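Asks: One file: run_23.cif (mmCIF, C-alpha atoms and all ligand atoms).
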data_target
loop_
_atom_site.label_atom_id
_atom_site.label_comp_id
_atom_site.auth_asym_id
_atom_site.auth_seq_id
_atom_site.Cartn_x
_atom_site.Cartn_y
_atom_site.Cartn_z
CA MET A 27 1.68 31.47 -13.06
CA SER A 28 -0.76 33.86 -11.47
CA SER A 29 0.57 35.75 -8.50
CA LEU A 30 -0.87 35.75 -5.01
CA SER A 31 -2.56 39.09 -5.41
CA LYS A 32 -5.97 40.50 -4.62
CA GLN A 33 -6.47 40.91 -8.36
CA ALA A 34 -6.06 37.16 -8.76
CA TRP A 35 -8.75 36.44 -6.15
CA PRO A 36 -9.63 33.75 -5.18
CA PHE A 37 -6.43 31.89 -4.39
CA ARG A 38 -6.03 28.79 -6.43
CA LEU A 39 -4.68 25.59 -4.93
CA GLY A 40 -3.20 22.70 -6.88
CA ILE A 41 -3.33 19.48 -4.85
CA LEU A 42 -0.89 16.62 -5.51
CA LEU A 43 -1.79 13.27 -3.95
CA SER A 44 -1.02 9.58 -4.33
CA GLY A 45 -3.41 7.78 -2.00
CA ARG A 46 -6.50 8.04 0.13
CA GLY A 47 -6.56 11.86 0.14
CA SER A 48 -7.93 12.51 3.61
CA ASN A 49 -5.91 15.74 3.90
CA PHE A 50 -7.26 16.86 0.54
CA GLY A 51 -10.75 16.10 1.90
CA ALA A 52 -10.08 18.19 5.02
CA ILE A 53 -8.90 21.13 2.91
CA GLN A 54 -11.96 20.89 0.71
CA GLU A 55 -14.25 20.81 3.75
CA ALA A 56 -12.48 23.84 5.20
CA ILE A 57 -13.12 25.70 1.93
CA GLU A 58 -16.76 24.66 1.84
CA SER A 59 -17.39 25.57 5.49
CA GLY A 60 -15.79 28.99 5.10
CA GLN A 61 -12.85 28.21 7.42
CA LEU A 62 -10.55 28.66 4.42
CA PRO A 63 -12.15 31.63 2.66
CA ASP A 64 -11.42 33.04 -0.80
CA THR A 65 -9.73 29.83 -1.84
CA VAL A 66 -10.53 27.27 -4.52
CA ILE A 67 -9.03 23.95 -5.55
CA SER A 68 -8.27 24.45 -9.21
CA VAL A 69 -6.85 20.99 -9.90
CA VAL A 70 -6.16 17.68 -8.16
CA ILE A 71 -3.23 15.78 -9.64
CA SER A 72 -2.18 12.22 -8.91
CA ASN A 73 0.59 9.91 -10.05
CA HIS A 74 -1.70 6.90 -9.51
CA SER A 75 -4.85 6.59 -11.61
CA ASN A 76 -6.51 4.46 -8.90
CA ALA A 77 -5.80 6.81 -5.97
CA LEU A 78 -8.82 7.07 -3.71
CA GLY A 79 -8.27 10.82 -3.35
CA LEU A 80 -8.48 11.22 -7.12
CA GLN A 81 -11.83 9.41 -7.17
CA LYS A 82 -13.12 11.70 -4.41
CA ALA A 83 -12.04 14.74 -6.43
CA GLN A 84 -13.83 13.40 -9.52
CA GLU A 85 -16.98 12.73 -7.51
CA ASN A 86 -16.83 16.34 -6.35
CA ASN A 87 -16.52 17.54 -9.96
CA LEU A 88 -13.08 19.04 -9.48
CA SER A 89 -10.61 19.16 -12.35
CA THR A 90 -8.27 16.20 -12.10
CA ALA A 91 -5.21 14.97 -13.95
CA VAL A 92 -3.08 11.82 -13.81
CA PHE A 93 0.63 11.73 -14.56
CA GLU A 94 2.04 8.22 -14.28
CA LYS A 95 5.79 7.77 -14.19
CA ALA A 96 5.68 4.89 -16.69
CA ASN A 97 4.56 7.30 -19.41
CA TYR A 98 7.59 9.60 -19.04
CA GLU A 99 11.21 8.96 -19.91
CA SER A 100 12.57 10.76 -16.85
CA ARG A 101 11.58 12.32 -13.55
CA ALA A 102 12.28 15.74 -15.06
CA ALA A 103 9.93 15.05 -18.00
CA LEU A 104 7.20 13.91 -15.59
CA ASP A 105 7.59 16.98 -13.39
CA GLU A 106 7.74 19.25 -16.45
CA ALA A 107 4.31 17.94 -17.47
CA ILE A 108 2.95 18.39 -13.95
CA ALA A 109 4.33 21.94 -13.75
CA ASP A 110 2.67 22.75 -17.10
CA CYS A 111 -0.65 21.42 -15.80
CA LEU A 112 -0.39 23.47 -12.59
CA LYS A 113 0.40 26.57 -14.64
CA ALA A 114 -2.47 25.90 -17.05
CA HIS A 115 -4.79 25.86 -14.02
CA GLN A 116 -3.27 29.14 -12.81
CA VAL A 117 -2.30 27.58 -9.51
CA ASP A 118 -1.00 29.99 -6.85
CA LEU A 119 -0.03 27.43 -4.23
CA VAL A 120 0.91 23.76 -4.66
CA VAL A 121 -0.28 21.58 -1.78
CA LEU A 122 1.30 18.14 -1.39
CA ALA A 123 -1.23 15.94 0.39
CA GLY A 124 0.23 12.46 0.67
CA TYR A 125 2.19 12.70 -2.59
CA ASP A 126 4.71 9.86 -2.69
CA ARG A 127 7.26 11.30 -5.11
CA ILE A 128 10.05 13.77 -4.48
CA ILE A 129 9.41 17.05 -6.26
CA SER A 130 12.14 17.84 -8.79
CA ALA A 131 13.51 20.95 -10.49
CA PRO A 132 10.76 21.76 -13.03
CA ILE A 133 8.09 22.10 -10.32
CA MET A 134 10.50 23.65 -7.81
CA ALA A 135 11.55 26.33 -10.28
CA ALA A 136 8.02 27.21 -11.37
CA PHE A 137 6.62 27.34 -7.81
CA GLU A 138 9.54 28.42 -5.66
CA GLN A 139 8.38 29.15 -2.10
CA ARG A 140 4.89 28.11 -3.18
CA ILE A 141 4.86 24.40 -2.39
CA LEU A 142 3.66 23.09 0.97
CA ASN A 143 3.89 19.58 2.39
CA ILE A 144 2.50 17.91 5.50
CA HIS A 145 4.56 15.34 7.38
CA PRO A 146 3.36 13.13 10.27
CA SER A 147 6.08 14.02 12.79
CA LEU A 148 7.45 16.99 14.66
CA LEU A 149 10.11 17.98 12.12
CA PRO A 150 13.07 18.05 12.08
CA ALA A 151 12.59 14.82 14.03
CA TYR A 152 11.65 11.71 12.04
CA GLY A 153 11.87 13.31 8.62
CA GLY A 154 13.91 12.74 5.47
CA LYS A 155 14.03 10.19 2.67
CA GLY A 156 12.31 6.93 3.53
CA MET A 157 10.60 8.33 6.64
CA VAL A 158 7.07 7.79 5.37
CA GLY A 159 3.83 6.23 6.54
CA LEU A 160 3.93 3.86 9.49
CA LYS A 161 7.75 3.91 9.54
CA VAL A 162 7.57 7.35 11.14
CA HIS A 163 5.32 6.18 13.96
CA GLN A 164 7.26 2.93 14.45
CA ALA A 165 10.43 4.98 14.97
CA VAL A 166 8.69 7.35 17.39
CA LEU A 167 7.47 4.39 19.47
CA ALA A 168 10.81 2.56 19.30
CA ASN A 169 12.51 5.61 20.77
CA GLY A 170 10.02 5.85 23.63
CA GLU A 171 8.94 9.40 22.73
CA LYS A 172 6.30 10.93 24.99
CA GLU A 173 4.83 13.09 22.24
CA SER A 174 4.61 13.26 18.48
CA GLY A 175 2.64 15.33 15.99
CA CYS A 176 2.63 16.74 12.50
CA SER A 177 4.31 19.57 10.62
CA VAL A 178 3.50 21.66 7.57
CA HIS A 179 6.60 22.97 5.83
CA LEU A 180 7.70 24.74 2.69
CA VAL A 181 9.13 22.29 0.18
CA THR A 182 12.79 22.76 -0.73
CA PRO A 183 15.12 20.39 -2.60
CA GLN A 184 16.18 18.76 0.69
CA VAL A 185 13.45 16.30 1.67
CA ASP A 186 11.46 17.47 4.75
CA GLU A 187 14.02 20.20 5.53
CA GLY A 188 12.17 23.32 4.37
CA PRO A 189 11.06 25.94 6.91
CA VAL A 190 8.32 24.65 9.20
CA LEU A 191 5.21 26.86 9.00
CA GLY A 192 3.08 25.11 11.61
CA GLN A 193 2.99 22.11 13.95
CA SER A 194 0.46 20.29 16.14
CA ARG A 195 1.41 18.00 19.02
CA VAL A 196 -0.25 14.85 20.28
CA PRO A 197 0.64 12.65 23.28
CA VAL A 198 2.06 9.17 22.76
CA MET A 199 0.01 6.77 24.90
CA PRO A 200 1.57 3.80 26.75
CA HIS A 201 -0.24 1.17 24.66
CA ASP A 202 0.02 2.90 21.31
CA THR A 203 0.65 0.89 18.18
CA PRO A 204 1.99 2.58 15.04
CA GLU A 205 -1.58 2.48 13.71
CA SER A 206 -3.21 4.08 16.76
CA LEU A 207 -0.56 6.80 16.87
CA ALA A 208 -0.94 7.39 13.11
CA ALA A 209 -4.69 7.86 13.55
CA ARG A 210 -4.21 10.40 16.37
CA VAL A 211 -1.65 12.33 14.32
CA LEU A 212 -3.82 12.22 11.18
CA ALA A 213 -6.77 13.80 13.00
CA GLU A 214 -4.44 16.70 13.89
CA GLU A 215 -3.18 16.92 10.30
CA HIS A 216 -6.73 17.58 9.16
CA ARG A 217 -6.98 20.57 11.51
CA LEU A 218 -3.47 21.87 10.92
CA TYR A 219 -3.23 21.89 7.11
CA PRO A 220 -6.18 24.23 6.39
CA ARG A 221 -5.02 26.53 9.21
CA VAL A 222 -1.51 26.83 7.82
CA ILE A 223 -2.74 27.36 4.26
CA ARG A 224 -4.96 30.18 5.50
CA GLN A 225 -2.04 31.74 7.39
CA TYR A 226 0.23 31.40 4.37
CA LEU A 227 -2.23 33.21 2.13
CA GLN A 228 -2.88 35.89 4.74
CA ASN A 229 0.86 36.54 5.07
CA HIS A 230 1.13 37.01 1.33
CA LEU A 231 -1.76 39.46 1.32
CA ASN A 232 -0.25 41.42 4.20
CA ARG A 233 3.10 41.57 2.44
CA GLU A 234 1.41 42.81 -0.69
CA GLU A 235 -0.49 45.50 1.19
CA ASN A 236 2.71 46.66 2.89
CA GLN A 237 4.41 46.80 -0.45
CA GLU A 238 1.60 48.90 -1.91
CA ALA A 239 1.79 51.27 1.04
CA HIS A 240 5.51 51.80 0.44
CA ASP A 241 5.45 52.04 -3.34
CA PRO A 242 6.14 55.58 -4.52
CA VAL A 243 3.10 57.26 -6.07
CA LEU A 244 3.69 57.80 -9.76
CA GLN A 245 2.63 61.26 -11.02
C1 LIG A 301 -0.34 11.86 5.80
O1 LIG A 301 -0.02 11.16 6.97
C2 LIG A 301 0.69 12.92 5.53
O2 LIG A 301 1.29 13.43 6.67
C3 LIG A 301 1.72 12.20 4.70
O3 LIG A 301 0.99 11.29 3.92
C4 LIG A 301 -0.24 10.97 4.56
C5 LIG A 301 -1.33 11.27 3.58
O4 LIG A 301 -2.60 10.88 4.04
N1 LIG A 301 2.53 13.11 3.93
P1 LIG A 301 -3.88 11.23 3.20
O5 LIG A 301 -3.70 10.66 1.80
O6 LIG A 301 -4.03 12.72 3.16
O7 LIG A 301 -5.02 10.57 3.91
#
Translate this file's structure into structure tokens.

Replies:
Amino acid sequence: MSSLSKQAWPFRLGILLSGRGSNFGAIQEAIESGQLPDTVISVVISNHSNALGLQKAQENNLSTAVFEKANYESRAALDEAIADCLKAHQVDLVVLAGYDRIISAPIMAAFEQRILNIHPSLLPAYGGKGMVGLKVHQAVLANGEKESGCSVHLVTPQVDEGPVLGQSRVPVMPHDTPESLAARVLAEEHRLYPRVIRQYLQNHLNREENQEAHDPVLQ
């Protein structure tokens, strides 16, 4: 895997998605508009060949790959193949954008601390296994919450429990349905994800520069 270094410029994202891919679209727009500079999407991977996000990536002439569970004898074998694909595309940062499978050891090991996910709640609230899609917003409404939002976090083996890198808040309105709340949160996701990716990459660059400044000069 290439490292996040100035020599490996630009930073290469590997997107994993399973569905409509609106977060992927927002990240791509941020790259194209210059809000997310020095960054490219090197591959878009899906576990569903008919995912809308995959079609969008193909229309935009990005490299794509499909890894369907039915073609692999185990979750580890599937994730091994995905990790190999990410490595072959020299991905620096793996971005989960509506990916509906839990990431297992082969990807975790190859991209430790380099996998981000976005979740449609203010983690640690309303996260964990099974807390997906409209279920999240139904639970928020059932509990009479006054606000909700979205979180970008580092992916660790415990689902939705990795360190939160950024959050956006939205109000819950009196007549909200799960759908109307989901739409308000999603609009925030599209702003938050590119911002956090940019911050993540900047932090890595800063760390690298600090390291260079402190490295002894070899004579
Ligand atoms: C988003 O709500 C995200 O928070 C969750 O899955 C959904 C993906 O939406 N992880 P999209 O495919 O990016 O439109």

Asks: Set the cut-off to 7 Å, count only C-alpha atoms and all ligand atoms, and list whatever residues fall near ligand LIG 301 (chain A) as a PDB file with C-alpha atoms, keeping the file's coordinate frame.

Replies:
ATOM      1  CA  LEU A  43      -1.790  13.270  -3.950  1.00  0.00           C
ATOM      2  CA  SER A  44      -1.020   9.580  -4.330  1.00  0.00           C
ATOM      3  CA  GLY A  45      -3.410   7.780  -2.000  1.00  0.00           C
ATOM      4  CA  ARG A  46      -6.500   8.040   0.130  1.00  0.00           C
ATOM      5  CA  GLY A  47      -6.560  11.860   0.140  1.00  0.00           C
ATOM      6  CA  SER A  48      -7.930  12.510   3.610  1.00  0.00           C
ATOM      7  CA  ASN A  49      -5.910  15.740   3.900  1.00  0.00           C
ATOM      8  CA  PHE A  50      -7.260  16.860   0.540  1.00  0.00           C
ATOM      9  CA  GLY A  79      -8.270  10.820  -3.350  1.00  0.00           C
ATOM     10  CA  ALA A 123      -1.230  15.940   0.390  1.00  0.00           C
ATOM     11  CA  GLY A 124       0.230  12.460   0.670  1.00  0.00           C
ATOM     12  CA  TYR A 125       2.190  12.700  -2.590  1.00  0.00           C
ATOM     13  CA  ASN A 143       3.890  19.580   2.390  1.00  0.00           C
ATOM     14  CA  ILE A 144       2.500  17.910   5.500  1.00  0.00           C
ATOM     15  CA  HIS A 145       4.560  15.340   7.380  1.00  0.00           C
ATOM     16  CA  PRO A 146       3.360  13.130  10.270  1.00  0.00           C
ATOM     17  CA  VAL A 158       7.070   7.790   5.370  1.00  0.00           C
ATOM     18  CA  GLY A 159       3.830   6.230   6.540  1.00  0.00           C
ATOM     19  CA  CYS A 176       2.630  16.740  12.500  1.00  0.00           C
ATOM     20  CA  LEU A 212      -3.820  12.220  11.180  1.00  0.00           C
ATOM     21  CA  GLU A 215      -3.180  16.920  10.300  1.00  0.00           C
TER      22      GLU A 215
END

Asks: Could you give me, as a PyMOL selection string, the residues that sit within 9 Å of (-2.4, 15.7, -9.8) in the file's coordinates, counting all atoms listed in the file?

Replies: chain A and resi 40-44+69-74+80+90-93+108+111-112

Asks: Find the residues around Val166 in chain A up to 9 Å (all atoms listed in the file counted), leave out those fewer than 4 positions away in its own chain, and share them as a count of residues only.

Replies: 11

Asks: Between A:His163, A:Arg217, A:Leu227, A:Ile141, which is the closest to Glu55 in chain A once you count only C-alpha atoms?

Replies: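 Once distances to Glu55 in chain A are computed over only C-alpha atoms, the minimum belongs to A:Arg217.
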
Asks: Between A:Tyr98, A:Asn87, A:Gly175, A:Arg38, which one has atoms that come closest to Ala114 in chain A, using all atoms listed in the file?

Replies: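 The shortest atom-to-atom distance to Ala114 in chain A comes from A:Arg38.
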
Asks: Using all atoms listed in the file, which of A:Gln116, A:Arg224, A:Ser100, A:Thr182 sits nearest Met134 in chain A?

Replies: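 The closest residue to Met134 in chain A is A:Thr182.
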